[in-house]
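input.cif (mmCIF, C-alpha atoms and all ligand atoms)
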data_query
#
loop_
_atom_site.label_atom_id
_atom_site.label_comp_id
_atom_site.auth_asym_id
_atom_site.auth_seq_id
_atom_site.Cartn_x
_atom_site.Cartn_y
_atom_site.Cartn_z
CA MET A 316 -174.05 -113.66 103.16
CA GLU A 317 -177.29 -112.02 104.25
CA VAL A 318 -179.01 -110.97 101.05
CA GLY A 319 -182.29 -109.68 99.73
CA PHE A 320 -183.76 -110.77 96.39
CA ILE A 321 -186.37 -108.70 94.56
CA GLY A 322 -188.22 -110.04 91.52
CA LEU A 323 -189.33 -113.67 91.57
CA GLY A 324 -190.35 -114.10 87.93
CA ASN A 325 -189.23 -116.90 85.59
CA MET A 326 -185.57 -116.13 86.26
CA GLY A 327 -185.54 -114.60 89.73
CA ALA A 328 -187.34 -117.46 91.48
CA ALA A 329 -184.75 -119.96 90.23
CA MET A 330 -181.83 -117.65 91.07
CA ALA A 331 -183.07 -116.95 94.61
CA GLY A 332 -183.50 -120.71 95.07
CA ASN A 333 -179.84 -121.27 94.18
CA LEU A 334 -178.68 -118.64 96.67
CA LEU A 335 -180.58 -120.58 99.33
CA LYS A 336 -179.01 -123.85 98.17
CA ALA A 337 -175.59 -122.18 98.51
CA ARG A 338 -176.53 -121.49 102.16
CA HIS A 339 -176.87 -117.74 101.94
CA GLU A 340 -179.52 -116.17 104.16
CA VAL A 341 -182.08 -114.90 101.68
CA THR A 342 -185.00 -112.53 102.17
CA VAL A 343 -187.32 -112.35 99.17
CA TYR A 344 -189.83 -109.81 97.90
CA ASN A 345 -192.10 -109.83 94.86
CA ARG A 346 -194.75 -107.35 93.73
CA THR A 347 -197.25 -110.21 93.35
CA PRO A 348 -197.03 -111.75 96.82
CA ALA A 349 -198.12 -115.31 95.92
CA LYS A 350 -194.82 -115.92 94.10
CA VAL A 351 -192.85 -115.89 97.37
CA GLN A 352 -194.43 -119.11 98.65
CA PRO A 353 -192.18 -121.67 96.86
CA LEU A 354 -189.13 -119.74 98.12
CA ALA A 355 -190.50 -119.73 101.67
CA ALA A 356 -190.75 -123.51 101.40
CA LEU A 357 -187.01 -123.56 100.55
CA GLY A 358 -186.18 -121.52 103.65
CA ALA A 359 -186.33 -117.91 102.46
CA ARG A 360 -187.51 -115.14 104.74
CA ILE A 361 -190.46 -113.24 103.31
CA ALA A 362 -190.37 -109.45 103.20
CA GLY A 363 -193.54 -107.39 102.97
CA SER A 364 -191.84 -104.50 101.21
CA VAL A 365 -188.80 -103.52 99.16
CA SER A 366 -187.24 -101.73 102.12
CA GLU A 367 -187.51 -104.83 104.36
CA THR A 368 -185.54 -106.69 101.68
CA CYS A 369 -182.64 -104.24 101.89
CA ARG A 370 -181.33 -104.87 105.42
CA GLY A 371 -178.48 -107.28 104.68
CA ASP A 372 -175.07 -107.14 103.01
CA ALA A 373 -176.50 -107.07 99.50
CA VAL A 374 -179.70 -106.98 97.48
CA LEU A 375 -180.16 -108.54 94.05
CA THR A 376 -182.80 -107.31 91.62
CA MET A 377 -184.16 -109.41 88.74
CA LEU A 378 -186.98 -107.31 87.32
CA ALA A 379 -188.65 -107.10 83.93
CA ASN A 380 -187.45 -103.80 82.49
CA ASP A 381 -186.24 -100.22 83.09
CA GLU A 382 -189.64 -99.07 84.41
CA ALA A 383 -189.73 -101.85 87.01
CA VAL A 384 -186.14 -101.20 88.12
CA GLU A 385 -186.74 -97.44 88.32
CA SER A 386 -189.80 -97.89 90.50
CA VAL A 387 -188.24 -100.53 92.79
CA VAL A 388 -184.82 -98.89 93.14
CA LEU A 389 -185.44 -95.16 92.77
CA GLY A 390 -189.04 -95.02 94.01
CA ARG A 391 -190.29 -94.06 97.45
CA GLU A 392 -188.95 -96.43 100.11
CA GLY A 393 -187.09 -98.18 97.31
CA VAL A 394 -183.67 -99.83 97.29
CA LEU A 395 -181.78 -96.53 97.15
CA ALA A 396 -183.62 -95.13 100.15
CA SER A 397 -183.35 -98.35 102.15
CA LEU A 398 -179.97 -99.97 101.56
CA PRO A 399 -177.43 -99.33 104.36
CA SER A 400 -174.31 -97.36 103.54
CA GLY A 401 -171.63 -99.68 102.13
CA ALA A 402 -174.14 -102.38 101.17
CA LEU A 403 -174.27 -103.70 97.63
CA HIS A 404 -176.93 -103.67 94.92
CA ILE A 405 -176.42 -106.32 92.24
CA SER A 406 -178.64 -105.59 89.25
CA CYS A 407 -179.20 -108.71 87.14
CA SER A 408 -182.08 -107.46 84.97
CA THR A 409 -181.52 -106.67 81.30
CA ILE A 410 -181.82 -102.88 81.41
CA SER A 411 -180.65 -99.91 79.38
CA VAL A 412 -177.13 -98.56 79.40
CA PRO A 413 -178.26 -95.08 80.63
CA LEU A 414 -180.29 -96.52 83.51
CA SER A 415 -177.38 -98.66 84.66
CA ARG A 416 -175.10 -95.59 84.54
CA ARG A 417 -177.66 -93.62 86.55
CA LEU A 418 -177.98 -96.38 89.17
CA SER A 419 -174.22 -96.40 89.54
CA GLN A 420 -174.17 -92.63 90.14
CA GLU A 421 -177.13 -92.66 92.55
CA HIS A 422 -175.76 -95.50 94.64
CA ALA A 423 -172.38 -93.76 94.84
CA LYS A 424 -174.09 -90.56 96.08
CA HIS A 425 -175.75 -92.65 98.81
CA GLY A 426 -172.50 -94.36 99.84
CA GLN A 427 -173.76 -97.69 98.51
CA ARG A 428 -172.06 -100.06 96.09
CA TYR A 429 -173.44 -101.15 92.72
CA VAL A 430 -172.60 -103.99 90.36
CA ALA A 431 -174.34 -104.67 87.05
CA ALA A 432 -174.49 -108.42 86.49
CA PRO A 433 -176.88 -109.28 83.65
CA VAL A 434 -177.17 -112.96 82.80
CA PHE A 435 -177.30 -115.21 79.75
CA GLY A 436 -179.39 -118.38 79.90
CA ARG A 437 -183.08 -119.20 80.06
CA PRO A 438 -184.99 -120.28 83.20
CA GLU A 439 -183.85 -123.91 82.88
CA ALA A 440 -180.23 -122.70 82.96
CA ALA A 441 -181.07 -120.48 85.94
CA THR A 442 -182.56 -123.47 87.78
CA ALA A 443 -179.47 -125.55 87.07
CA ALA A 444 -177.14 -122.68 88.17
CA GLN A 445 -175.71 -122.72 84.63
CA LEU A 446 -176.06 -119.03 83.78
CA VAL A 447 -173.27 -117.12 82.08
CA ILE A 448 -172.91 -113.84 83.96
CA VAL A 449 -171.24 -110.65 82.78
CA ALA A 450 -170.39 -108.36 85.69
CA ALA A 451 -168.95 -104.87 85.90
CA GLY A 452 -168.37 -102.39 88.70
CA GLU A 453 -165.65 -101.26 91.06
CA ARG A 454 -163.27 -104.11 91.66
CA SER A 455 -163.92 -104.39 95.42
CA SER A 456 -167.68 -104.39 94.78
CA VAL A 457 -167.41 -107.11 92.13
CA ASP A 458 -165.25 -109.13 94.53
CA ALA A 459 -167.93 -108.76 97.20
CA ALA A 460 -170.58 -109.93 94.70
CA LYS A 461 -168.60 -112.99 93.57
CA PRO A 462 -169.78 -115.51 96.20
CA LEU A 463 -173.36 -114.72 95.19
CA LEU A 464 -172.81 -114.68 91.42
CA GLU A 465 -170.82 -117.91 91.56
CA ALA A 466 -173.82 -119.62 93.14
CA LEU A 467 -175.94 -118.64 90.13
CA GLY A 468 -173.90 -119.56 87.10
CA ARG A 469 -171.29 -121.70 85.41
CA LYS A 470 -169.16 -118.80 84.16
CA LEU A 471 -168.55 -115.28 85.42
CA PHE A 472 -166.91 -112.67 83.18
CA VAL A 473 -165.78 -109.43 84.80
CA ILE A 474 -165.38 -106.79 82.14
CA GLY A 475 -164.43 -103.57 83.86
CA ASP A 476 -165.30 -100.96 86.42
CA ALA A 477 -168.03 -99.09 84.52
CA PRO A 478 -171.21 -101.09 85.34
CA GLU A 479 -173.03 -100.10 82.15
CA ALA A 480 -170.41 -101.96 80.10
CA ALA A 481 -171.95 -105.22 81.31
CA ASN A 482 -175.37 -104.06 80.13
CA LEU A 483 -174.01 -103.19 76.69
CA VAL A 484 -172.46 -106.66 76.39
CA LYS A 485 -175.74 -108.27 77.46
CA LEU A 486 -177.74 -106.33 74.85
CA SER A 487 -175.22 -107.21 72.14
CA GLY A 488 -175.53 -110.89 73.06
CA ASN A 489 -179.31 -110.86 72.87
CA PHE A 490 -179.08 -109.15 69.49
CA LEU A 491 -176.96 -112.08 68.27
CA ILE A 492 -179.43 -114.62 69.68
CA ALA A 493 -182.36 -112.82 68.02
CA SER A 494 -180.46 -112.80 64.71
CA VAL A 495 -179.93 -116.55 65.05
CA ILE A 496 -183.66 -117.08 65.71
CA GLU A 497 -184.58 -115.08 62.60
CA SER A 498 -182.03 -116.93 60.47
CA LEU A 499 -183.19 -120.31 61.78
CA GLY A 500 -186.78 -119.34 61.00
CA GLU A 501 -185.86 -118.51 57.40
CA ALA A 502 -183.87 -121.75 57.00
CA PHE A 503 -186.71 -123.85 58.44
CA ALA A 504 -189.21 -122.13 56.12
CA LEU A 505 -187.01 -123.00 53.15
CA ILE A 506 -186.46 -126.66 53.96
CA SER A 507 -190.09 -127.16 55.00
CA LYS A 508 -191.33 -125.82 51.69
CA GLY A 509 -188.80 -128.07 50.00
CA GLY A 510 -190.40 -131.07 51.72
CA ILE A 511 -187.53 -131.87 54.08
CA ASP A 512 -188.23 -133.32 57.52
CA ARG A 513 -187.78 -130.62 60.17
CA GLN A 514 -186.44 -132.92 62.90
CA ARG A 515 -183.91 -134.51 60.54
CA TYR A 516 -182.83 -131.04 59.47
CA LEU A 517 -182.41 -130.06 63.13
CA GLU A 518 -180.01 -132.97 63.63
CA ILE A 519 -177.86 -131.79 60.73
CA LEU A 520 -177.98 -128.19 61.87
CA THR A 521 -177.04 -128.85 65.47
CA SER A 522 -174.15 -131.06 64.47
CA LEU A 523 -172.86 -128.23 62.27
CA PHE A 524 -173.48 -125.50 64.87
CA ASN A 525 -173.33 -127.24 68.23
CA VAL A 526 -173.83 -124.18 70.44
CA PRO A 527 -176.60 -123.27 72.90
CA ALA A 528 -178.40 -120.71 70.69
CA TYR A 529 -178.73 -123.14 67.76
CA ASN A 530 -179.55 -126.13 69.96
CA THR A 531 -182.19 -124.37 72.06
CA TYR A 532 -183.87 -122.25 69.41
CA GLY A 533 -183.46 -124.81 66.61
CA ALA A 534 -185.42 -127.32 68.71
CA LEU A 535 -188.13 -124.79 69.60
CA ILE A 536 -188.60 -123.71 65.96
CA ALA A 537 -188.51 -127.27 64.60
CA ARG A 538 -191.25 -128.31 67.00
CA GLY A 539 -193.13 -125.00 66.96
CA HIS A 540 -192.89 -124.94 70.73
CA PHE A 541 -193.52 -121.31 71.72
CA GLU A 542 -195.78 -121.63 74.76
CA PRO A 543 -195.51 -121.23 77.67
CA ALA A 544 -192.92 -118.49 77.15
CA ALA A 545 -189.67 -119.04 79.03
CA PHE A 546 -188.47 -115.70 77.64
CA ALA A 547 -191.53 -113.68 76.72
CA ALA A 548 -191.56 -111.86 73.37
CA PRO A 549 -192.21 -108.42 74.98
CA LEU A 550 -188.96 -108.81 76.96
CA GLY A 551 -187.08 -109.65 73.78
CA GLN A 552 -188.66 -106.66 72.05
CA LYS A 553 -187.49 -104.48 74.95
CA ASP A 554 -183.93 -105.80 74.55
CA ILE A 555 -183.76 -105.02 70.83
CA ARG A 556 -185.22 -101.56 71.50
CA LEU A 557 -182.50 -100.90 74.12
CA LEU A 558 -179.82 -102.31 71.82
CA LEU A 559 -180.87 -99.98 68.99
CA ALA A 560 -180.90 -97.00 71.37
CA ALA A 561 -177.35 -97.87 72.47
CA ALA A 562 -176.32 -98.28 68.83
CA GLU A 563 -177.76 -94.89 67.96
CA ASP A 564 -175.96 -93.25 70.91
CA LEU A 565 -172.68 -94.76 69.77
CA GLY A 566 -173.29 -93.98 66.08
CA VAL A 567 -173.35 -97.61 64.99
CA ALA A 568 -175.71 -98.72 62.20
CA MET A 569 -177.10 -102.19 62.92
CA PRO A 570 -179.35 -103.09 59.99
CA VAL A 571 -179.90 -106.68 61.15
CA ALA A 572 -181.06 -105.41 64.54
CA SER A 573 -183.55 -103.13 62.78
CA LEU A 574 -184.90 -106.11 60.87
CA VAL A 575 -185.30 -108.12 64.07
CA ARG A 576 -187.05 -105.13 65.67
CA ASP A 577 -189.60 -105.24 62.83
CA ARG A 578 -190.04 -109.02 63.22
CA LEU A 579 -190.87 -108.53 66.90
CA LEU A 580 -193.31 -105.73 66.03
CA THR A 581 -195.03 -108.05 63.54
CA LEU A 582 -195.24 -110.83 66.12
CA MET A 583 -196.82 -108.44 68.64
CA SER A 584 -199.30 -107.03 66.15
CA HIS A 585 -200.49 -110.59 65.44
CA GLY A 586 -201.18 -111.28 69.12
CA GLY A 587 -197.84 -112.83 70.05
CA GLU A 588 -197.36 -111.12 73.45
CA HIS A 589 -197.88 -114.39 75.30
CA LEU A 590 -195.40 -116.36 73.18
CA ASP A 591 -191.70 -116.99 73.63
CA TRP A 592 -189.55 -114.70 71.51
CA ALA A 593 -188.54 -117.84 69.58
CA ALA A 594 -191.87 -117.33 67.77
CA ILE A 595 -190.25 -114.76 65.46
CA GLY A 596 -188.68 -117.89 63.99
CA GLY A 597 -192.16 -118.88 62.78
CA LEU A 598 -192.81 -115.73 60.77
CA ALA A 599 -190.74 -116.61 57.69
CA GLY A 600 -192.63 -119.88 57.30
CA ARG A 601 -195.95 -118.12 57.67
CA ASP A 602 -194.91 -115.55 55.05
CA ALA A 603 -193.91 -118.37 52.70
CA GLY A 604 -197.26 -120.11 53.09
CA VAL A 605 -195.62 -123.16 54.64
CA THR A 606 -197.89 -125.44 56.65
CA MET A 607 -196.18 -125.18 60.02
CA PRO A 608 -196.46 -127.59 62.94
CA TYR A 609 -197.90 -124.71 64.94
CA ASP A 610 -200.18 -121.78 64.67
CA LEU A 611 -199.14 -118.20 65.38
CA ARG A 612 -202.26 -116.78 66.96
CA SER A 613 -204.34 -114.28 64.94
CA GLN A 614 -202.67 -115.00 61.64
CA PRO A 615 -203.97 -112.67 58.97
N1 LIG B 701 -186.45 -115.33 80.82
C1 LIG B 701 -185.24 -115.40 80.30
O1 LIG B 701 -184.92 -116.34 79.56
C2 LIG B 701 -184.22 -114.33 80.60
C3 LIG B 701 -182.86 -114.63 80.41
C4 LIG B 701 -181.90 -113.65 80.70
C5 LIG B 701 -182.30 -112.42 81.15
N2 LIG B 701 -183.64 -112.13 81.32
C6 LIG B 701 -183.99 -110.80 81.83
O2 LIG B 701 -184.24 -110.96 83.21
C7 LIG B 701 -185.27 -110.07 83.65
C8 LIG B 701 -186.42 -110.86 84.26
O3 LIG B 701 -186.92 -111.76 83.27
P1 LIG B 701 -188.02 -112.88 83.62
O4 LIG B 701 -188.08 -113.78 82.43
O5 LIG B 701 -187.77 -113.42 84.96
O6 LIG B 701 -189.33 -111.97 83.63
P2 LIG B 701 -190.74 -112.26 84.32
O7 LIG B 701 -190.97 -113.70 84.53
O8 LIG B 701 -191.74 -111.48 83.54
O9 LIG B 701 -190.58 -111.57 85.77
C9 LIG B 701 -190.50 -110.18 85.88
C10 LIG B 701 -190.37 -109.78 87.34
O10 LIG B 701 -190.39 -108.34 87.42
C11 LIG B 701 -191.44 -107.95 88.31
N3 LIG B 701 -191.98 -106.65 87.89
C12 LIG B 701 -192.38 -106.28 86.65
N4 LIG B 701 -192.80 -105.00 86.64
C13 LIG B 701 -192.67 -104.56 87.93
C14 LIG B 701 -192.92 -103.32 88.56
N5 LIG B 701 -193.37 -102.27 87.88
N6 LIG B 701 -192.67 -103.22 89.89
C15 LIG B 701 -192.20 -104.27 90.59
N7 LIG B 701 -191.93 -105.48 90.04
C16 LIG B 701 -192.16 -105.60 88.72
C17 LIG B 701 -192.46 -109.05 88.22
O11 LIG B 701 -193.33 -108.99 89.33
P3 LIG B 701 -194.79 -109.69 89.27
O12 LIG B 701 -194.56 -111.12 89.59
O13 LIG B 701 -195.56 -108.95 90.28
O14 LIG B 701 -195.30 -109.47 87.85
C18 LIG B 701 -191.53 -110.26 88.22
O15 LIG B 701 -191.05 -110.53 89.51
C19 LIG B 701 -185.65 -109.25 82.41
O16 LIG B 701 -184.91 -108.06 82.40
C20 LIG B 701 -185.23 -110.16 81.26
O17 LIG B 701 -184.99 -109.43 80.08
C21 LIG B 701 -184.59 -113.07 81.08
#

As C-alpha cells - that is how I would like this structure written.
Ligand SMILES: NC(=O)c1ccc[n+]([C@@H]2O[C@H](COP(=O)([O-])OP(=O)(O)OC[C@H]3O[C@@H](n4cnc5c(N)ncnc54)[C@H](OP(=O)(O)O)[C@@H]3O)[C@@H](O)[C@H]2O)c1
Amino acid sequence: MEVGFIGLGNMGAAMAGNLLKARHEVTVYNRTPAKVQPLAALGARIAGSVSETCRGDAVLTMLANDEAVESVVLGREGVLASLPSGALHISCSTISVPLSRRLSQEHAKHGQRYVAAPVFGRPEAATAAQLVIVAAGERSSVDAAKPLLEALGRKLFVIGDAPEAANLVKLSGNFLIASVIESLGEAFALISKGGIDRQRYLEILTSLFNVPAYNTYGALIARGHFEPAAFAAPLGQKDIRLLLAAAEDLGVAMPVASLVRDRLLTLMSHGGEHLDWAAIGGLAGRDAGVTMPYDLRSQP
C-alpha cells in the first residue's frame, strides 16, 4: 500500500521501518526533521509537511498525546484537510476516548475512514514487529488497515466498530501495567530491606509470574535501570490521567489508579520527567529508606 507515517518518536520510527520492510511504499513526516533520516536510509520518501504525507491510501499517526494529535490531524493543512476522500487514518497513539470519538466523527464528515489501533509493547517490541494491537472501526476500514497492522505486531485484536473502544482497552491495559510496576516496587523495597538479593528475587518472581509486564518491569526495577526512557514517565502520567477521566465519565471508582496517579505526580515533582515510567517502582524503596542500586534524581 502507499502510506504516510507521521510521528517518528521511540515507537513511530520502529513501526515505520517495519512497514518499509513489509514492502509498503512509505512517506514519513516528523515535526523535528532530523528524525526522518534513518527512515530515508531504509527507503522512505520524506515529506516536508503533514499534507504531503496524506496523499496515499492511508496515513498512520503515532504521536505523543491528545494535543499533538489535535494539532496534526485537526489543525490547518492537517490530516483531516489533506486526506483524499475514502482514504484511511489509522491512529496508533494512546489518546483519550473523547478525542478518538471526535476523530471518528470528523473523518466521517469528510468522507474519510478512521481506525483506532493503539498498541501494547515498548520500542524493542515495535522494532521486532511484536506489538499487540487493539483495533476498532467500521469493519471494511479495519479490513483495509489489516495488511499494515499485521506488519507491525504479533497479535491483532479487533474489538468492534466504535473506534474509541480500542482506546478504552488500551488505557485499561496501561493502568494494569502501572499497577504491576507499583506492586513490584513495593515488593522489591520489602525484600531489599530484608537483605535479600534483588536479582535472585527477580528469578523467583519471573518464574511465578512469567508474563511480559513482570519480566520487563521486574528486570528494570531490580537493576534500577530507568534511563534512557523507552516509555517516558510523562507519557505514562498522561495515560493514567486519561484512564481516570474515562473512569469518571463511566462512573467507575478506580482507587488503585488514583494511587498510581499520585505516584507519577511524586516522581515528576522530584525531577523524574526524563525517566522511564518504571521509576515509580523505585519510590517505595526510597520511602522505606532502602539503599537502592540507583538514584532517583532530586531526592528530598
Ligand atoms: N514508548 C512506549 O513504550 C509506548 C508503547 C505503547 C504506546 N505508546 C504511545 O505511543 C505514542 C508515542 O510514544 P513514543 O514513546 O513514540 O513517544 P515519543 O518518543 O515522545 O515521540 C512522540 C512523537 O510525537 C511527536 N509530537 C509530539 N508533540 C507534537 C506536536 N505538538 N506536533 C507534532 N508532533 C508532535 C514527536 O515529534 P518530535 O520528534 O518533533 O518531538 C514524536 O514524533 C504515545 O501516545 C505513547 O503513549 C508508547

For A:Ser406: contacts at 9 Å, all atoms listed in the file, fewer than 4 positions along chain excluded, given as a VMD selection string: chain A and resid 374 to 378 384 410 415 429 to 433

Counting all atoms listed in the file, which residues of chain A sit at most 7 Å from some atom of ligand LIG 701 (chain B), and what is each one's closest atom pair with its distance in Å to one decimal, listed by chain and rising residue number, as CSV?
residue,atom,partner,partner_atom,distance
A:Gly322,CA,B:LIG701,O15,3.5
A:Leu323,CA,B:LIG701,O15,4.1
A:Gly324,CA,B:LIG701,O9,3.3
A:Asn325,CA,B:LIG701,O7,3.8
A:Met326,CA,B:LIG701,O5,3.7
A:Gly327,CA,B:LIG701,O5,5.4
A:Asn345,CA,B:LIG701,O15,5.5
A:Arg346,CA,B:LIG701,O13,3.9
A:Thr347,CA,B:LIG701,O13,3.7
A:Lys350,CA,B:LIG701,O12,6.6
A:Met377,CA,B:LIG701,C8,5.2
A:Leu378,CA,B:LIG701,O10,3.6
A:Ala379,CA,B:LIG701,C19,4.0
A:Asn380,CA,B:LIG701,O16,5.0
A:Glu382,CA,B:LIG701,N5,6.0
A:Ala383,CA,B:LIG701,N5,3.8
A:Ser386,CA,B:LIG701,N6,6.1
A:Val387,CA,B:LIG701,C15,5.9
A:Cys407,CA,B:LIG701,O2,6.8
A:Ser408,CA,B:LIG701,O16,3.9
A:Thr409,CA,B:LIG701,O16,3.8
A:Ile410,CA,B:LIG701,O16,6.1
A:Pro433,CA,B:LIG701,C5,6.7
A:Val434,CA,B:LIG701,C4,5.2
A:Phe435,CA,B:LIG701,C4,4.9
A:Gly436,CA,B:LIG701,C3,5.1
A:Arg437,CA,B:LIG701,O1,3.4
A:Pro438,CA,B:LIG701,O1,5.4
A:Ala545,CA,B:LIG701,N1,5.2
A:Phe546,CA,B:LIG701,N1,3.8
A:Ala547,CA,B:LIG701,O4,6.7
A:Leu550,CA,B:LIG701,O17,5.1
A:Gly551,CA,B:LIG701,O17,6.6
A:Asp554,CA,B:LIG701,O17,6.7

Same residues, C-alpha atoms, saved as a PDB file, in the coordinates of the input:
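Everything below was put into selection24.pdb:
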ATOM      1  CA  GLY A 322    -188.220-110.040  91.520  1.00  0.00           C
ATOM      2  CA  LEU A 323    -189.330-113.670  91.570  1.00  0.00           C
ATOM      3  CA  GLY A 324    -190.350-114.100  87.930  1.00  0.00           C
ATOM      4  CA  ASN A 325    -189.230-116.900  85.590  1.00  0.00           C
ATOM      5  CA  MET A 326    -185.570-116.130  86.260  1.00  0.00           C
ATOM      6  CA  GLY A 327    -185.540-114.600  89.730  1.00  0.00           C
ATOM      7  CA  ASN A 345    -192.100-109.830  94.860  1.00  0.00           C
ATOM      8  CA  ARG A 346    -194.750-107.350  93.730  1.00  0.00           C
ATOM      9  CA  THR A 347    -197.250-110.210  93.350  1.00  0.00           C
ATOM     10  CA  LYS A 350    -194.820-115.920  94.100  1.00  0.00           C
ATOM     11  CA  MET A 377    -184.160-109.410  88.740  1.00  0.00           C
ATOM     12  CA  LEU A 378    -186.980-107.310  87.320  1.00  0.00           C
ATOM     13  CA  ALA A 379    -188.650-107.100  83.930  1.00  0.00           C
ATOM     14  CA  ASN A 380    -187.450-103.800  82.490  1.00  0.00           C
ATOM     15  CA  GLU A 382    -189.640 -99.070  84.410  1.00  0.00           C
ATOM     16  CA  ALA A 383    -189.730-101.850  87.010  1.00  0.00           C
ATOM     17  CA  SER A 386    -189.800 -97.890  90.500  1.00  0.00           C
ATOM     18  CA  VAL A 387    -188.240-100.530  92.790  1.00  0.00           C
ATOM     19  CA  CYS A 407    -179.200-108.710  87.140  1.00  0.00           C
ATOM     20  CA  SER A 408    -182.080-107.460  84.970  1.00  0.00           C
ATOM     21  CA  THR A 409    -181.520-106.670  81.300  1.00  0.00           C
ATOM     22  CA  ILE A 410    -181.820-102.880  81.410  1.00  0.00           C
ATOM     23  CA  PRO A 433    -176.880-109.280  83.650  1.00  0.00           C
ATOM     24  CA  VAL A 434    -177.170-112.960  82.800  1.00  0.00           C
ATOM     25  CA  PHE A 435    -177.300-115.210  79.750  1.00  0.00           C
ATOM     26  CA  GLY A 436    -179.390-118.380  79.900  1.00  0.00           C
ATOM     27  CA  ARG A 437    -183.080-119.200  80.060  1.00  0.00           C
ATOM     28  CA  PRO A 438    -184.990-120.280  83.200  1.00  0.00           C
ATOM     29  CA  ALA A 545    -189.670-119.040  79.030  1.00  0.00           C
ATOM     30  CA  PHE A 546    -188.470-115.700  77.640  1.00  0.00           C
ATOM     31  CA  ALA A 547    -191.530-113.680  76.720  1.00  0.00           C
ATOM     32  CA  LEU A 550    -188.960-108.810  76.960  1.00  0.00           C
ATOM     33  CA  GLY A 551    -187.080-109.650  73.780  1.00  0.00           C
ATOM     34  CA  ASP A 554    -183.930-105.800  74.550  1.00  0.00           C
TER      35      ASP A 554
END

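Of note, atom CA of A:Lys508 and atom CA of A:Tyr529 are spaced 20.6 Å apart.
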
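Residue nearest A:Ala548 within the list A:Ala359, A:Leu395, A:Met583, A:Leu446: A:Met583 [criterion: smallest interatomic distance, all atoms listed in the file].
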
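As for atom CA of A:Leu463 and atom CA of A:Lys424, they are spaced 24.2 Å apart.
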
Spatial neighbours of stretch 369-372 of chain A, 8 Å, all atoms listed in the file, chain gap at least 5 places, as a ChimeraX atom specification: /A:316-319,394,397-399,402-403

Long-range neighbours of A:Gly358 as a ChimeraX atom specification, 12 Å cut-off, all atoms listed in the file, 4 positions minimum in chain: /A:331-343,351-354

Contacts of A:Arg576 within 9 Å, all atoms listed in the file, excl. fewer than 6 positions in-chain, as a PyMOL selection string: chain A and resi 552+555-556+559

Shell of 9 Å around A:Gly452, only C-alpha atoms, local chain residues under 6 positions omitted, as a ChimeraX atom specification: /A:419,428-432,473-481

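With all atoms listed in the file as the atoms that count, the residue of A:Gly500, A:Ile511, A:Arg391, A:Ile405 with the shortest distance to A:Asp458 is A:Ile405.
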
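The smallest atom-to-atom distance between A:Val412 and any of A:Phe524, A:Asn489, A:Phe541, A:Asp381, using only C-alpha atoms, is found for A:Asp381.
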
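Relative to atom CA of A:Lys470, atom CA of A:Ser456 is found at 18.0 Å.
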
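Minimum atom-to-atom distance to A:Ala329, evaluated using all atoms listed in the file, belongs to A:Gly468 out of A:Pro543, A:Gly468, A:Gly510, A:Gly401.
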
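Of the residues listed (A:Ile506, A:Leu486, A:Ala423, A:Ile595), A:Ile595 shows the shortest atom-to-atom separation from A:Leu574; distances use only C-alpha atoms.
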
Centre, edges in Å (one decimal): axis-aligned box, stretch 412-428 of chain A, 8 Å padding on all six sides, as AutoDock Vina command-line options:
--center_x -176.2 --center_y -95.3 --center_z 89.6 --size_x 24.2 --size_y 25.5 --size_z 36.4

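Using only C-alpha atoms, the shortest contact distance between A:Asn482 and any of A:Ser411, A:Thr442, A:Thr531, A:Ser507 is found at A:Ser411.
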
Radius query 8 Å about (-197.3, -112.7, 74.4), atoms used: only C-alpha atoms, as a PDB file with C-alpha atoms, in the coordinates of the input:
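Result saved to part.pdb:
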ATOM      1  CA  ALA A 544    -192.920-118.490  77.150  1.00  0.00           C
ATOM      2  CA  ALA A 547    -191.530-113.680  76.720  1.00  0.00           C
ATOM      3  CA  ALA A 548    -191.560-111.860  73.370  1.00  0.00           C
ATOM      4  CA  PRO A 549    -192.210-108.420  74.980  1.00  0.00           C
ATOM      5  CA  MET A 583    -196.820-108.440  68.640  1.00  0.00           C
ATOM      6  CA  GLY A 586    -201.180-111.280  69.120  1.00  0.00           C
ATOM      7  CA  GLY A 587    -197.840-112.830  70.050  1.00  0.00           C
ATOM      8  CA  GLU A 588    -197.360-111.120  73.450  1.00  0.00           C
ATOM      9  CA  HIS A 589    -197.880-114.390  75.300  1.00  0.00           C
ATOM     10  CA  LEU A 590    -195.400-116.360  73.180  1.00  0.00           C
ATOM     11  CA  ASP A 591    -191.700-116.990  73.630  1.00  0.00           C
TER      12      ASP A 591
END
